[in-house]
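To keep things clear, I will list the structure first and then write my remarks on it.
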Amino acid sequence: YRRRLVGAAGGWFCFDVTFFGIAVFLPHIVHDLIDKDDKGEGYLLLNSAVSALINCIAIPAALLSFRLVGDEGLGRKNLQGVSFLFIAVAYAVLALCFSPLRTISATTSVIALFSSLFFCLNFGAGMTTYILPQESFPPEVRASFNGIAAAAGKLGAILGASAFAPTARQYGLGFTFGCCAVSAILGLVVTVVFVDDMRKEEDGAKVLSAPQVQRNL
């Protein structure tokens with residue numbers, strides 16, 4: 001099950017890298033967009049409202065994921081792959097357009113791009129990274145391997161959250177968004193190469209006896 005573990009853990013790691021950096025620092029980015037002169041309290045309510053609006057995009061994305069995650073015609077693997085592709089495209093567009101749009105003070109367009117990004121982040125992979133480890137392994141090893149995959153995700157979250165601000169200060173937000181796009185592409189590659197399509201298995205992963213599990217390890 002090493003290959004499946006790489007798929008479950010690698011996909012979770014890559015997703016959390018792309019998610020937690022922007023999730024933590026979005027209010028700071030919005031503040032810089034709207035209140036460039038740091039005028040303070042007069043813009044506080046507007047900053048909060050814009051951040052809340054962008055985050056609310058997660059609701060329809062999560063509802064759509066909930067509808068599609070049980071669609072056996074699509075499958076969890078394909079849903080996660082499509083999600084990573086959307087995330088990569090959204091980050092790539094931001095990487096290319098953020099600085100030019102900011103230069104001409106096209107704040108509304110930038111906010112629209114961030115809203116699209118948050119829709120992509122909360123669609124698909126935000127749910128499948130929790131589900132795939134559950135269905136990829138038989139009961140004998142499911143808890144242990146799910147824990148390893150979850151730990152990999154938390155490492156990705158730490159990396160994404162801790163590296164986002166220093167990278168943005170050193171190289172700019174455009175470069176940082178580009179790095180996130182690369183992480184999403186890696187997540188797509190890991191999903192395609194290492195994640196099995198569990199629609200072909202009965203009841204998720206095949207239930208094996210303990211000796212069989214040990215041999216597979």
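Residues are named by chain letter and number: chains run A, B, ... in the order of the structure tokens, numbers start at 1 in each chain, and ligands are numbered from 1 in the order shown.
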
field: Who sits within 7 Å of region 95-99 of chain A, only C-alpha atoms, same chain under 3 positions skipped, as a ChimeraX atom specification
entry: /A:91-92,102-103,110,174-175,177-178

field: 6 Å contact set for Gly81 (chain A), only C-alpha atoms, chain neighbours under 3 positions out, as JSON, numbers by chain
entry: {"A": [78, 84, 188]}

Output of the above residues as an mmCIF file, in the first residue's frame, restricted to N, CA and C atoms:
data_model
loop_
_atom_site.group_PDB
_atom_site.id
_atom_site.type_symbol
_atom_site.label_atom_id
_atom_site.label_comp_id
_atom_site.auth_asym_id
_atom_site.auth_seq_id
_atom_site.Cartn_x
_atom_site.Cartn_y
_atom_site.Cartn_z
ATOM 1 N N ASN A 78 -11.130 11.406 -9.711
ATOM 2 C CA ASN A 78 -11.303 12.375 -10.782
ATOM 3 C C ASN A 78 -11.726 13.737 -10.245
ATOM 4 N N PHE A 84 -7.668 20.077 -8.282
ATOM 5 C CA PHE A 84 -6.288 20.565 -8.322
ATOM 6 C C PHE A 84 -6.016 21.358 -9.596
ATOM 7 N N LEU A 188 -2.004 17.506 -8.517
ATOM 8 C CA LEU A 188 -2.659 16.866 -9.650
ATOM 9 C C LEU A 188 -1.868 15.653 -10.131
#

- prompt: Quick one: of A:Ala168, A:Ile131, A:Val17, A:Ala151, who's nearest to Gly75 (chain A), counting only C-alpha atoms?
  reply: A:Ile131

message: Which residue is closest to Ser109 (chain A)? Choose from A:Val69, A:Phe164, A:Leu33, A:Phe123 and count only C-alpha atoms.
response: A:Leu33

12 Å contact set for Gly73 (chain A), only C-alpha atoms, chain neighbours under 4 positions out, as a compact mmCIF listing (two decimals) with all heavy atoms, in the first residue's frame:
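Wrote it out as out36.txt, contents follow:
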# COMPACT_ATOMS: atom_id res chain seq x y z
N LEU A 68 -21.18 16.11 -5.66
CA LEU A 68 -20.38 15.35 -6.62
C LEU A 68 -19.57 14.23 -5.99
O LEU A 68 -19.20 13.28 -6.67
CB LEU A 68 -19.44 16.29 -7.38
CG LEU A 68 -20.10 17.32 -8.29
CD1 LEU A 68 -19.06 18.22 -8.92
CD2 LEU A 68 -20.94 16.63 -9.37
N VAL A 69 -19.27 14.34 -4.68
CA VAL A 69 -18.38 13.36 -4.08
C VAL A 69 -19.01 11.97 -4.05
O VAL A 69 -18.30 10.96 -4.03
CB VAL A 69 -17.98 13.81 -2.65
CG1 VAL A 69 -19.12 13.57 -1.65
CG2 VAL A 69 -16.70 13.13 -2.20
N LYS A 77 -11.34 10.20 -7.13
CA LYS A 77 -10.05 10.49 -7.74
C LYS A 77 -10.18 11.56 -8.81
O LYS A 77 -9.40 12.54 -8.83
CB LYS A 77 -9.45 9.22 -8.34
CG LYS A 77 -8.18 9.48 -9.15
CD LYS A 77 -7.61 8.22 -9.77
CE LYS A 77 -6.37 8.53 -10.60
NZ LYS A 77 -5.72 7.31 -11.14
N ASN A 78 -11.13 11.41 -9.71
CA ASN A 78 -11.30 12.37 -10.78
C ASN A 78 -11.73 13.74 -10.24
O ASN A 78 -11.29 14.78 -10.75
CB ASN A 78 -12.34 11.87 -11.78
CG ASN A 78 -11.87 10.62 -12.51
OD1 ASN A 78 -10.68 10.42 -12.71
ND2 ASN A 78 -12.80 9.77 -12.91
N LEU A 79 -12.58 13.73 -9.21
CA LEU A 79 -13.00 14.99 -8.61
C LEU A 79 -11.81 15.73 -8.01
O LEU A 79 -11.67 16.95 -8.18
CB LEU A 79 -14.05 14.72 -7.52
CG LEU A 79 -14.57 15.94 -6.75
CD1 LEU A 79 -15.23 16.93 -7.69
CD2 LEU A 79 -15.56 15.50 -5.67
N ASP A 197 -8.48 4.54 -8.52
CA ASP A 197 -9.90 4.79 -8.70
C ASP A 197 -10.67 3.71 -7.94
O ASP A 197 -10.79 2.58 -8.41
CB ASP A 197 -10.27 4.76 -10.18
CG ASP A 197 -11.70 5.21 -10.44
OD1 ASP A 197 -12.46 5.35 -9.46
OD2 ASP A 197 -12.07 5.41 -11.61
N MET A 198 -11.16 4.04 -6.76
CA MET A 198 -11.75 3.03 -5.88
C MET A 198 -13.15 2.61 -6.32
O MET A 198 -13.75 1.73 -5.71
CB MET A 198 -11.80 3.56 -4.44
CG MET A 198 -10.42 3.91 -3.87
SD MET A 198 -9.17 2.62 -4.13
CE MET A 198 -9.87 1.29 -3.16
N ARG A 199 -13.66 3.21 -7.39
CA ARG A 199 -14.94 2.73 -7.92
C ARG A 199 -14.81 1.31 -8.45
O ARG A 199 -15.80 0.58 -8.57
CB ARG A 199 -15.41 3.64 -9.06
CG ARG A 199 -15.80 5.03 -8.63
CD ARG A 199 -16.15 5.88 -9.83
NE ARG A 199 -15.03 6.05 -10.73
CZ ARG A 199 -15.10 6.56 -11.95
NH1 ARG A 199 -16.28 6.96 -12.41
NH2 ARG A 199 -14.03 6.68 -12.70
N LYS A 200 -13.57 0.91 -8.75
CA LYS A 200 -13.34 -0.43 -9.29
C LYS A 200 -13.22 -1.48 -8.19
O LYS A 200 -13.12 -2.67 -8.47
CB LYS A 200 -12.07 -0.43 -10.13
CG LYS A 200 -12.13 0.54 -11.31
CD LYS A 200 -10.80 0.61 -12.03
CE LYS A 200 -10.84 1.64 -13.15
NZ LYS A 200 -9.53 1.76 -13.85

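Residue nearest Ala165 (chain A) within the list A:Cys56, A:Ala61, A:Ile111, A:Ala23: A:Ala23 [criterion: smallest interatomic distance, only C-alpha atoms].
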
- request: Find the spatial neighbours of Arg4 (chain A), counting only C-alpha atoms, within a cut-off of 12 Å - ignore same-chain residues fewer than 4 positions away - and output them as a PyMOL selection string.
  value: chain A and resi 8-11+77+132-138+141-142+145-146+148-149+190-198+205+216-217

query: So, counting only C-alpha atoms, which residue among A:Gln170, A:Ser83, A:Asn55, A:Ser65 is closest to Ile185 (chain A)?
result: A:Ser83

query: Any idea what the distance is between CA of Tyr171 (chain A) and CA of Ala52 (chain A)?
result: 27.4 Å

task: From a DSSP pass on the backbone, collect the residues of region 29-214 of chain A flagged as alpha helix (DSSP H) and hand them back as a PyMOL selection string.
output: chain A and resi 29-34+41-56+58-68+76-103+107-121+125-136+139-171+173-194+210-214

- line: Using only C-alpha atoms, the residue out of A:Leu121, A:Leu44, A:Leu74, A:Ile158 with shortest distance to Val89 (chain A) is A:Leu121

field: Atomic distance CA of Ala163 (chain A) - CA of Ser183 (chain A), expressed in Å with one decimal
entry: 12.9 Å

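Each of A:Leu53, A:Ile22, A:Thr129, A:Asn47 was checked against Gly7 (chain A) using only C-alpha atoms; the smallest atom-to-atom distance is that of A:Thr129.
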
message: Report, in Å to a single decimal, how far apart CA of Pro27 (chain A) and CA of Leu46 (chain A) are.
response: 11.1 Å
